Structure formats: C-alpha cells, structure tokens
>>> print(open('data09.tsv').read())   # TSV, N, CA and C atoms
chain	number	residue	atom	x	y	z
O	14	MET	N	-2.72	-2.82	1.47
O	14	MET	CA	-1.96	-3.62	2.43
O	14	MET	C	-0.63	-2.95	2.67
O	15	LEU	N	-0.27	-2.81	3.88
O	15	LEU	CA	1.02	-2.25	4.26
O	15	LEU	C	2.00	-3.41	4.43
O	16	ILE	N	3.09	-3.37	3.69
O	16	ILE	CA	4.07	-4.46	3.73
O	16	ILE	C	5.34	-3.95	4.39
O	17	ALA	N	5.72	-4.60	5.45
O	17	ALA	CA	6.91	-4.20	6.20
O	17	ALA	C	8.17	-4.67	5.50
O	18	SER	N	9.26	-4.02	5.85
O	18	SER	CA	10.58	-4.40	5.37
O	18	SER	C	11.45	-4.63	6.59
O	19	LYS	N	11.72	-5.87	6.87
O	19	LYS	CA	12.54	-6.26	8.02
O	19	LYS	C	11.95	-5.78	9.34
O	20	ASN	N	10.63	-5.97	9.49
O	20	ASN	CA	9.95	-5.62	10.74
O	20	ASN	C	8.99	-6.74	11.12
O	21	THR	N	9.03	-7.14	12.37
O	21	THR	CA	8.15	-8.19	12.86
O	21	THR	C	6.95	-7.57	13.58
O	22	VAL	N	6.01	-8.41	13.99
O	22	VAL	CA	4.86	-7.94	14.76
O	22	VAL	C	5.35	-7.21	16.01
O	23	GLU	N	6.37	-7.75	16.65
O	23	GLU	CA	6.90	-7.13	17.88
O	23	GLU	C	7.46	-5.73	17.62
O	24	ASP	N	7.96	-5.49	16.40
O	24	ASP	CA	8.46	-4.16	16.04
O	24	ASP	C	7.31	-3.20	15.76
O	25	ILE	N	6.28	-3.69	15.09
O	25	ILE	CA	5.21	-2.84	14.57
O	25	ILE	C	4.10	-2.58	15.59
O	26	GLU	N	3.67	-3.61	16.28
O	26	GLU	CA	2.48	-3.53	17.13
O	26	GLU	C	2.51	-2.41	18.17
O	27	PRO	N	3.61	-2.15	18.88
O	27	PRO	CA	3.59	-1.06	19.86
O	27	PRO	C	3.29	0.31	19.23
O	28	PHE	N	3.89	0.57	18.07
O	28	PHE	CA	3.64	1.85	17.41
O	28	PHE	C	2.21	1.91	16.90
O	29	TRP	N	1.71	0.81	16.36
O	29	TRP	CA	0.33	0.77	15.86
O	29	TRP	C	-0.65	1.10	16.99
O	30	LYS	N	-0.42	0.52	18.15
O	30	LYS	CA	-1.30	0.78	19.29
O	30	LYS	C	-1.17	2.23	19.75
O	31	PHE	N	0.06	2.74	19.83
O	31	PHE	CA	0.29	4.12	20.25
O	31	PHE	C	-0.41	5.10	19.31
O	32	ALA	N	-0.28	4.88	18.00
O	32	ALA	CA	-0.86	5.78	17.00
O	32	ALA	C	-2.34	5.49	16.74
O	33	GLU	N	-2.85	4.44	17.35
O	33	GLU	CA	-4.24	4.02	17.18
O	33	GLU	C	-4.58	3.72	15.72
O	34	PHE	N	-3.62	3.11	15.01
O	34	PHE	CA	-3.85	2.70	13.63
O	34	PHE	C	-4.71	1.45	13.59
O	35	THR	N	-5.52	1.34	12.56
O	35	THR	CA	-6.37	0.15	12.39
O	35	THR	C	-6.13	-0.52	11.04
O	36	MET	N	-5.21	0.04	10.23
O	36	MET	CA	-4.96	-0.55	8.91
O	36	MET	C	-4.29	-1.92	9.06
O	37	PRO	N	-4.66	-2.86	8.19
O	37	PRO	CA	-3.97	-4.15	8.22
O	37	PRO	C	-2.55	-3.99	7.69
O	38	TYR	N	-1.64	-4.79	8.20
O	38	TYR	CA	-0.27	-4.76	7.72
O	38	TYR	C	0.28	-6.18	7.66
O	39	SER	N	1.34	-6.32	6.90
O	39	SER	CA	1.99	-7.62	6.74
O	39	SER	C	3.41	-7.53	7.28
O	40	PRO	N	3.65	-8.03	8.49
O	40	PRO	CA	5.01	-8.01	9.02
O	40	PRO	C	5.89	-8.97	8.22
O	41	GLN	N	7.11	-8.56	7.96
O	41	GLN	CA	8.04	-9.39	7.19
O	41	GLN	C	9.41	-9.37	7.86
O	42	PRO	N	9.99	-10.51	8.16
O	42	PRO	CA	11.28	-10.53	8.84
O	42	PRO	C	12.46	-10.16	7.94
O	43	ASP	N	12.23	-10.12	6.62
O	43	ASP	CA	13.30	-9.77	5.69
O	43	ASP	C	12.71	-8.90	4.58
O	44	ARG	N	13.48	-8.65	3.54
O	44	ARG	CA	13.03	-7.78	2.44
O	44	ARG	C	12.48	-8.57	1.25
O	45	LYS	N	12.30	-9.85	1.37
O	45	LYS	CA	11.91	-10.69	0.24
O	45	LYS	C	10.61	-10.23	-0.42
O	46	VAL	N	9.56	-10.07	0.34
O	46	VAL	CA	8.27	-9.64	-0.22
O	46	VAL	C	8.33	-8.16	-0.56
O	47	TYR	N	8.79	-7.35	0.35
O	47	TYR	CA	8.86	-5.91	0.17
O	47	TYR	C	9.61	-5.53	-1.11
O	48	SER	N	10.72	-6.17	-1.38
O	48	SER	CA	11.55	-5.85	-2.54
O	48	SER	C	10.87	-6.13	-3.87
O	49	ARG	N	9.85	-6.96	-3.86
O	49	ARG	CA	9.12	-7.23	-5.10
O	49	ARG	C	8.30	-6.02	-5.53
O	50	PHE	N	7.96	-5.16	-4.58
O	50	PHE	CA	7.12	-4.01	-4.87
O	50	PHE	C	7.88	-2.69	-4.85
O	51	ALA	N	8.83	-2.56	-3.98
O	51	ALA	CA	9.52	-1.28	-3.81
O	51	ALA	C	11.00	-1.50	-3.51
O	52	PRO	N	11.79	-1.72	-4.55
O	52	PRO	CA	13.21	-1.97	-4.31
O	52	PRO	C	13.98	-0.78	-3.77
O	53	SER	N	13.47	0.45	-3.97
O	53	SER	CA	14.25	1.58	-3.48
O	53	SER	C	13.42	2.69	-2.86
O	54	ARG	N	12.35	3.12	-3.49
O	54	ARG	CA	11.64	4.31	-3.03
O	54	ARG	C	10.37	3.94	-2.28
O	55	ILE	N	10.18	4.60	-1.12
O	55	ILE	CA	8.96	4.41	-0.34
O	55	ILE	C	8.46	5.78	0.07
O	56	PRO	N	7.22	6.01	0.39
O	56	PRO	CA	6.15	5.02	0.35
O	56	PRO	C	5.64	4.80	-1.07
O	57	ARG	N	4.85	3.79	-1.23
O	57	ARG	CA	4.23	3.45	-2.51
O	57	ARG	C	2.75	3.25	-2.29
O	58	ILE	N	1.96	3.62	-3.28
O	58	ILE	CA	0.53	3.35	-3.27
O	58	ILE	C	0.20	2.65	-4.58
O	59	TYR	N	-0.43	1.51	-4.48
O	59	TYR	CA	-0.90	0.78	-5.65
O	59	TYR	C	-2.40	0.60	-5.53
O	60	ILE	N	-3.13	0.83	-6.61
O	60	ILE	CA	-4.55	0.54	-6.65
O	60	ILE	C	-4.73	-0.58	-7.66
O	61	SER	N	-5.22	-1.71	-7.18
O	61	SER	CA	-5.41	-2.86	-8.06
O	61	SER	C	-6.89	-3.14	-8.26
O	62	ASP	N	-7.18	-3.88	-9.32
O	62	ASP	CA	-8.56	-4.24	-9.59
O	62	ASP	C	-8.90	-5.58	-8.94
O	63	ALA	N	-10.07	-6.10	-9.23
O	63	ALA	CA	-10.52	-7.35	-8.61
O	63	ALA	C	-9.64	-8.54	-8.98
O	64	SER	N	-8.95	-8.46	-10.12
O	64	SER	CA	-8.07	-9.57	-10.52
O	64	SER	C	-6.64	-9.35	-10.03
O	65	THR	N	-6.43	-8.36	-9.19
O	65	THR	CA	-5.14	-7.97	-8.60
O	65	THR	C	-4.18	-7.35	-9.61
O	66	THR	N	-4.67	-6.90	-10.76
O	66	THR	CA	-3.85	-6.16	-11.71
O	66	THR	C	-3.70	-4.73	-11.20
O	67	ILE	N	-2.48	-4.25	-11.10
O	67	ILE	CA	-2.25	-2.89	-10.64
O	67	ILE	C	-2.66	-1.94	-11.76
O	68	ARG	N	-3.59	-1.04	-11.43
O	68	ARG	CA	-4.12	-0.09	-12.41
O	68	ARG	C	-3.57	1.32	-12.22
O	69	VAL	N	-3.18	1.68	-10.99
O	69	VAL	CA	-2.64	3.00	-10.68
O	69	VAL	C	-1.52	2.81	-9.67
O	70	ALA	N	-0.44	3.57	-9.83
O	70	ALA	CA	0.68	3.48	-8.90
O	70	ALA	C	1.25	4.87	-8.62
O	71	TYR	N	1.65	5.08	-7.38
O	71	TYR	CA	2.30	6.32	-6.96
O	71	TYR	C	3.54	5.96	-6.17
O	72	ALA	N	4.60	6.75	-6.34
O	72	ALA	CA	5.83	6.57	-5.56
O	72	ALA	C	5.97	7.75	-4.60
O	73	ASP	N	7.13	7.90	-4.02
O	73	ASP	CA	7.32	8.89	-2.97
O	73	ASP	C	7.24	10.34	-3.45
O	74	THR	N	7.45	10.60	-4.72
O	74	THR	CA	7.30	11.97	-5.22
O	74	THR	C	5.94	12.09	-5.89
O	75	GLY	N	5.29	13.20	-5.63
O	75	GLY	CA	3.97	13.40	-6.23
O	75	GLY	C	2.89	12.52	-5.62
O	76	MET	N	2.97	12.30	-4.30
O	76	MET	CA	1.95	11.48	-3.65
O	76	MET	C	0.59	12.13	-3.81
O	77	PRO	N	-0.44	11.32	-4.03
O	77	PRO	CA	-1.78	11.87	-4.29
O	77	PRO	C	-2.48	12.32	-3.01
O	78	THR	N	-3.44	13.19	-3.20
O	78	THR	CA	-4.31	13.58	-2.09
O	78	THR	C	-5.40	12.52	-1.96
O	79	ALA	N	-6.16	12.60	-0.90
O	79	ALA	CA	-7.29	11.68	-0.72
O	79	ALA	C	-8.29	11.86	-1.86
O	80	GLU	N	-8.46	13.10	-2.29
O	80	GLU	CA	-9.39	13.37	-3.39
O	80	GLU	C	-8.92	12.72	-4.69
O	81	THR	N	-7.62	12.78	-4.96
O	81	THR	CA	-7.07	12.16	-6.16
O	81	THR	C	-7.26	10.65	-6.13
O	82	LEU	N	-7.01	10.05	-4.97
O	82	LEU	CA	-7.22	8.60	-4.85
O	82	LEU	C	-8.68	8.24	-5.08
O	83	ALA	N	-9.59	9.04	-4.52
O	83	ALA	CA	-11.02	8.79	-4.72
O	83	ALA	C	-11.39	8.91	-6.20
O	84	GLU	N	-10.81	9.90	-6.90
O	84	GLU	CA	-11.06	10.05	-8.33
O	84	GLU	C	-10.52	8.86	-9.12
O	85	ASP	N	-9.32	8.39	-8.75
O	85	ASP	CA	-8.73	7.21	-9.41
O	85	ASP	C	-9.67	6.01	-9.28
O	86	ILE	N	-10.12	5.80	-8.06
O	86	ILE	CA	-11.00	4.64	-7.80
O	86	ILE	C	-12.32	4.80	-8.54
O	87	SER	N	-12.88	6.00	-8.54
O	87	SER	CA	-14.13	6.23	-9.26
O	87	SER	C	-13.97	5.98	-10.75
O	88	ARG	N	-12.86	6.47	-11.31
O	88	ARG	CA	-12.60	6.28	-12.74
O	88	ARG	C	-12.46	4.79	-13.07
O	89	LEU	N	-11.74	4.07	-12.25
O	89	LEU	CA	-11.59	2.64	-12.49
O	89	LEU	C	-12.91	1.91	-12.31
O	90	ASN	N	-13.70	2.38	-11.37
O	90	ASN	CA	-15.01	1.78	-11.13
O	90	ASN	C	-15.91	1.92	-12.36
O	91	GLU	N	-15.78	3.04	-13.08
O	91	GLU	CA	-16.56	3.26	-14.30
O	91	GLU	C	-16.27	2.19	-15.35
O	92	PHE	N	-15.06	1.66	-15.33
O	92	PHE	CA	-14.66	0.64	-16.29
O	92	PHE	C	-14.88	-0.77	-15.76
O	93	ASN	N	-15.55	-0.88	-14.60
O	93	ASN	CA	-15.86	-2.16	-13.98
O	93	ASN	C	-14.61	-2.99	-13.66
O	94	TYR	N	-13.51	-2.33	-13.30
O	94	TYR	CA	-12.29	-3.05	-12.93
O	94	TYR	C	-12.42	-3.74	-11.57
O	95	PHE	N	-13.39	-3.33	-10.77
O	95	PHE	CA	-13.50	-3.87	-9.43
O	95	PHE	C	-14.54	-4.97	-9.30
O	96	THR	N	-15.10	-5.42	-10.41
O	96	THR	CA	-16.11	-6.48	-10.34
O	96	THR	C	-15.59	-7.74	-10.96
>>> encode(input="data09.tsv", output="structure tokens")
Amino acid sequence: MLIASKNTVEDIEPFWKFAEFTMPYSPQPDRKVYSRFAPSRIPRIYISDASTTIRVAYADTGMPTAETLAEDISRLNEFNYFT
C-alpha cells in the first residue's frame, strides 16, 4: 500500500493517470498515518505476513531489486507466514 503524506486524491490522481499507475494508494491530508511508518526516510518497503506482522523492511538506502523482493517473499512463504 502506498501511503501519502499530506496529499489528497486531487493531488495524486492526475499524476497516477499520466504515469498509468495501477497500484492502490491511500491519500492522506496530513502526516498522521504516514508518520507511523516513516518519520523521516522515504521510500520504504515493508513485507508483512497474513497477520500483518512486518517480516522484512527496507528504507531509502539499499533498496532491493525485484529479484530480492521475490526471494524475500519466497523465503517467508516457506515458513507459511502468508497463510
């Protein structure tokens, strides 16, 4: 889920359409929700299990490749974290 920081649908939607993005996002008029996850550094990637426990996290330095993310998910899948 992409969580906005002080951005409304009106701010986000034109760019989403221009870039032809299809990812879901959560517009937020303030930093209340966003600050719970990323008080300073962005972007962030969190991989959570079926119970919403965060199992893997990445910050703006050392961002993973698509292959690394696939490996993370496969590894977690081996431990049945997603069921």
>>> axis_aligned_box(input="data09.tsv", around="segment 45-49 of chain O", padding_each_side="5 Å", output="JSON")
{"center_x": 10.3, "center_y": -8.1, "center_z": -2.1, "size_x": 14.0, "size_y": 15.2, "size_z": 16.9}
>>> residues_around(input="data09.tsv", residues="Asp62 of chain O", least_positions_apart="4", cutoff="12 Å", atoms="only C-alpha atoms", output="ChimeraX atom specification")
/O:66-69,85-96
>>> closest_residue(input="data09.tsv", among="O:Ser61, O:Glu80, O:Tyr71, O:Pro40", to="Ile25 of chain O", atoms="only C-alpha atoms")
O:Pro40
>>> select_by_dssp(input="data09.tsv", residues="segment 14-95 of chain O", states="strand (DSSP E)", output="PDB file with N, CA and C atoms, in the frame of the given file")
ATOM      1  N   LEU O  15      -0.270  -2.810   3.880  1.00  0.00           N
ATOM      2  CA  LEU O  15       1.020  -2.250   4.260  1.00  0.00           C
ATOM      3  C   LEU O  15       2.000  -3.410   4.430  1.00  0.00           C
ATOM      4  N   ILE O  16       3.090  -3.370   3.690  1.00  0.00           N
ATOM      5  CA  ILE O  16       4.070  -4.460   3.730  1.00  0.00           C
ATOM      6  C   ILE O  16       5.340  -3.950   4.390  1.00  0.00           C
ATOM      7  N   TYR O  38      -1.640  -4.790   8.200  1.00  0.00           N
ATOM      8  CA  TYR O  38      -0.270  -4.760   7.720  1.00  0.00           C
ATOM      9  C   TYR O  38       0.280  -6.180   7.660  1.00  0.00           C
ATOM     10  N   SER O  39       1.340  -6.320   6.900  1.00  0.00           N
ATOM     11  CA  SER O  39       1.990  -7.620   6.740  1.00  0.00           C
ATOM     12  C   SER O  39       3.410  -7.530   7.280  1.00  0.00           C
ATOM     13  N   ILE O  58       1.960   3.620  -3.280  1.00  0.00           N
ATOM     14  CA  ILE O  58       0.530   3.350  -3.270  1.00  0.00           C
ATOM     15  C   ILE O  58       0.200   2.650  -4.580  1.00  0.00           C
ATOM     16  N   TYR O  59      -0.430   1.510  -4.480  1.00  0.00           N
ATOM     17  CA  TYR O  59      -0.900   0.780  -5.650  1.00  0.00           C
ATOM     18  C   TYR O  59      -2.400   0.600  -5.530  1.00  0.00           C
ATOM     19  N   ILE O  60      -3.130   0.830  -6.610  1.00  0.00           N
ATOM     20  CA  ILE O  60      -4.550   0.540  -6.650  1.00  0.00           C
ATOM     21  C   ILE O  60      -4.730  -0.580  -7.660  1.00  0.00           C
ATOM     22  N   SER O  61      -5.220  -1.710  -7.180  1.00  0.00           N
ATOM     23  CA  SER O  61      -5.410  -2.860  -8.060  1.00  0.00           C
ATOM     24  C   SER O  61      -6.890  -3.140  -8.260  1.00  0.00           C
ATOM     25  N   ILE O  67      -2.480  -4.250 -11.100  1.00  0.00           N
ATOM     26  CA  ILE O  67      -2.250  -2.890 -10.640  1.00  0.00           C
ATOM     27  C   ILE O  67      -2.660  -1.940 -11.760  1.00  0.00           C
ATOM     28  N   ARG O  68      -3.590  -1.040 -11.430  1.00  0.00           N
ATOM     29  CA  ARG O  68      -4.120  -0.090 -12.410  1.00  0.00           C
ATOM     30  C   ARG O  68      -3.570   1.320 -12.220  1.00  0.00           C
ATOM     31  N   VAL O  69      -3.180   1.680 -10.990  1.00  0.00           N
ATOM     32  CA  VAL O  69      -2.640   3.000 -10.680  1.00  0.00           C
ATOM     33  C   VAL O  69      -1.520   2.810  -9.670  1.00  0.00           C
ATOM     34  N   ALA O  70      -0.440   3.570  -9.830  1.00  0.00           N
ATOM     35  CA  ALA O  70       0.680   3.480  -8.900  1.00  0.00           C
ATOM     36  C   ALA O  70       1.250   4.870  -8.620  1.00  0.00           C
ATOM     37  N   TYR O  71       1.650   5.080  -7.380  1.00  0.00           N
ATOM     38  CA  TYR O  71       2.300   6.320  -6.960  1.00  0.00           C
ATOM     39  C   TYR O  71       3.540   5.960  -6.170  1.00  0.00           C
TER      40      TYR O  71
END
>>> select_by_dssp(input="data09.tsv", residues="segment 23-80 of chain O", states="alpha helix (DSSP H)", output="CSV table (one decimal) with N, CA and C atoms, in the coordinates of the input")
chain,number,residue,atom,x,y,z
O,23,GLU,N,6.4,-7.8,16.6
O,23,GLU,CA,6.9,-7.1,17.9
O,23,GLU,C,7.5,-5.7,17.6
O,24,ASP,N,8.0,-5.5,16.4
O,24,ASP,CA,8.5,-4.2,16.0
O,24,ASP,C,7.3,-3.2,15.8
O,25,ILE,N,6.3,-3.7,15.1
O,25,ILE,CA,5.2,-2.8,14.6
O,25,ILE,C,4.1,-2.6,15.6
O,26,GLU,N,3.7,-3.6,16.3
O,26,GLU,CA,2.5,-3.5,17.1
O,26,GLU,C,2.5,-2.4,18.2
O,27,PRO,N,3.6,-2.2,18.9
O,27,PRO,CA,3.6,-1.1,19.9
O,27,PRO,C,3.3,0.3,19.2
O,28,PHE,N,3.9,0.6,18.1
O,28,PHE,CA,3.6,1.8,17.4
O,28,PHE,C,2.2,1.9,16.9
O,29,TRP,N,1.7,0.8,16.4
O,29,TRP,CA,0.3,0.8,15.9
O,29,TRP,C,-0.6,1.1,17.0
O,30,LYS,N,-0.4,0.5,18.2
O,30,LYS,CA,-1.3,0.8,19.3
O,30,LYS,C,-1.2,2.2,19.8
O,31,PHE,N,0.1,2.7,19.8
O,31,PHE,CA,0.3,4.1,20.2
O,31,PHE,C,-0.4,5.1,19.3
O,32,ALA,N,-0.3,4.9,18.0
O,32,ALA,CA,-0.9,5.8,17.0
O,32,ALA,C,-2.3,5.5,16.7
O,47,TYR,N,8.8,-7.4,0.4
O,47,TYR,CA,8.9,-5.9,0.2
O,47,TYR,C,9.6,-5.5,-1.1
O,48,SER,N,10.7,-6.2,-1.4
O,48,SER,CA,11.6,-5.8,-2.5
O,48,SER,C,10.9,-6.1,-3.9
O,49,ARG,N,9.8,-7.0,-3.9
O,49,ARG,CA,9.1,-7.2,-5.1
O,49,ARG,C,8.3,-6.0,-5.5
O,50,PHE,N,8.0,-5.2,-4.6
O,50,PHE,CA,7.1,-4.0,-4.9
O,50,PHE,C,7.9,-2.7,-4.8
O,79,ALA,N,-6.2,12.6,-0.9
O,79,ALA,CA,-7.3,11.7,-0.7
O,79,ALA,C,-8.3,11.9,-1.9
O,80,GLU,N,-8.5,13.1,-2.3
O,80,GLU,CA,-9.4,13.4,-3.4
O,80,GLU,C,-8.9,12.7,-4.7
>>> residues_near_point(input="data09.tsv", point="(2.5, -12.6, 6.5)", cutoff="10 Å", atoms="only C-alpha atoms", output="PyMOL selection string")
chain O and resi 16-17+21-22+38-42+46
>>> atom_distance(input="data09.tsv", atom1="atom CA of Ser48 of chain O", atom2="atom C of Ile60 of chain O")
17.9 Å
>>> atom_distance(input="data09.tsv", atom1="atom CA of Asp43 of chain O", atom2="atom C of Pro77 of chain O")
28.5 Å
>>> decode(input="data09.tsv", residues="segment 32-53 of chain O", atoms="N, CA and C atoms", output="CSV table (one decimal), in the first residue's frame")
chain,number,residue,atom,x,y,z
O,32,ALA,N,1.1,8.8,-15.5
O,32,ALA,CA,2.1,7.7,-15.4
O,32,ALA,C,1.5,6.3,-15.7
O,33,GLU,N,0.2,6.2,-15.8
O,33,GLU,CA,-0.6,5.0,-16.0
O,33,GLU,C,-0.3,4.0,-14.9
O,34,PHE,N,-0.2,4.5,-13.6
O,34,PHE,CA,0.0,3.6,-12.5
O,34,PHE,C,-1.3,2.9,-12.1
O,35,THR,N,-1.2,1.7,-11.6
O,35,THR,CA,-2.4,1.0,-11.2
O,35,THR,C,-2.4,0.6,-9.8
O,36,MET,N,-1.2,0.9,-9.1
O,36,MET,CA,-1.1,0.5,-7.7
O,36,MET,C,-2.1,1.2,-6.8
O,37,PRO,N,-2.7,0.5,-5.8
O,37,PRO,CA,-3.6,1.2,-4.9
O,37,PRO,C,-2.8,2.2,-4.0
O,38,TYR,N,-3.4,3.2,-3.6
O,38,TYR,CA,-2.7,4.2,-2.7
O,38,TYR,C,-3.7,4.7,-1.7
O,39,SER,N,-3.2,5.3,-0.6
O,39,SER,CA,-4.0,5.8,0.5
O,39,SER,C,-3.7,7.3,0.6
O,40,PRO,N,-4.6,8.2,0.0
O,40,PRO,CA,-4.4,9.6,0.2
O,40,PRO,C,-4.6,10.0,1.6
O,41,GLN,N,-3.7,10.9,2.1
O,41,GLN,CA,-3.8,11.4,3.5
O,41,GLN,C,-3.7,12.9,3.5
O,42,PRO,N,-4.6,13.6,4.1
O,42,PRO,CA,-4.5,15.1,4.1
O,42,PRO,C,-3.4,15.6,5.1
O,43,ASP,N,-2.9,14.7,6.0
O,43,ASP,CA,-1.9,15.2,6.9
O,43,ASP,C,-0.8,14.1,7.0
O,44,ARG,N,0.1,14.2,8.0
O,44,ARG,CA,1.1,13.2,8.2
O,44,ARG,C,0.8,12.2,9.3
O,45,LYS,N,-0.4,12.1,9.8
O,45,LYS,CA,-0.7,11.3,10.9
O,45,LYS,C,-0.5,9.8,10.7
O,46,VAL,N,-1.0,9.3,9.6
O,46,VAL,CA,-0.8,7.9,9.3
O,46,VAL,C,0.6,7.6,8.8
O,47,TYR,N,1.1,8.5,7.8
O,47,TYR,CA,2.4,8.3,7.2
O,47,TYR,C,3.5,8.3,8.3
O,48,SER,N,3.4,9.2,9.3
O,48,SER,CA,4.4,9.3,10.3
O,48,SER,C,4.6,8.0,11.2
O,49,ARG,N,3.5,7.2,11.2
O,49,ARG,CA,3.6,6.0,12.0
O,49,ARG,C,4.6,5.0,11.4
O,50,PHE,N,4.8,5.1,10.0
O,50,PHE,CA,5.6,4.2,9.3
O,50,PHE,C,7.0,4.8,8.9
O,51,ALA,N,7.0,6.0,8.6
O,51,ALA,CA,8.2,6.6,8.0
O,51,ALA,C,8.4,8.0,8.5
O,52,PRO,N,8.9,8.2,9.7
O,52,PRO,CA,9.0,9.6,10.3
O,52,PRO,C,10.0,10.4,9.5
O,53,SER,N,11.0,9.8,8.8
O,53,SER,CA,12.0,10.7,8.2
O,53,SER,C,12.4,10.2,6.8
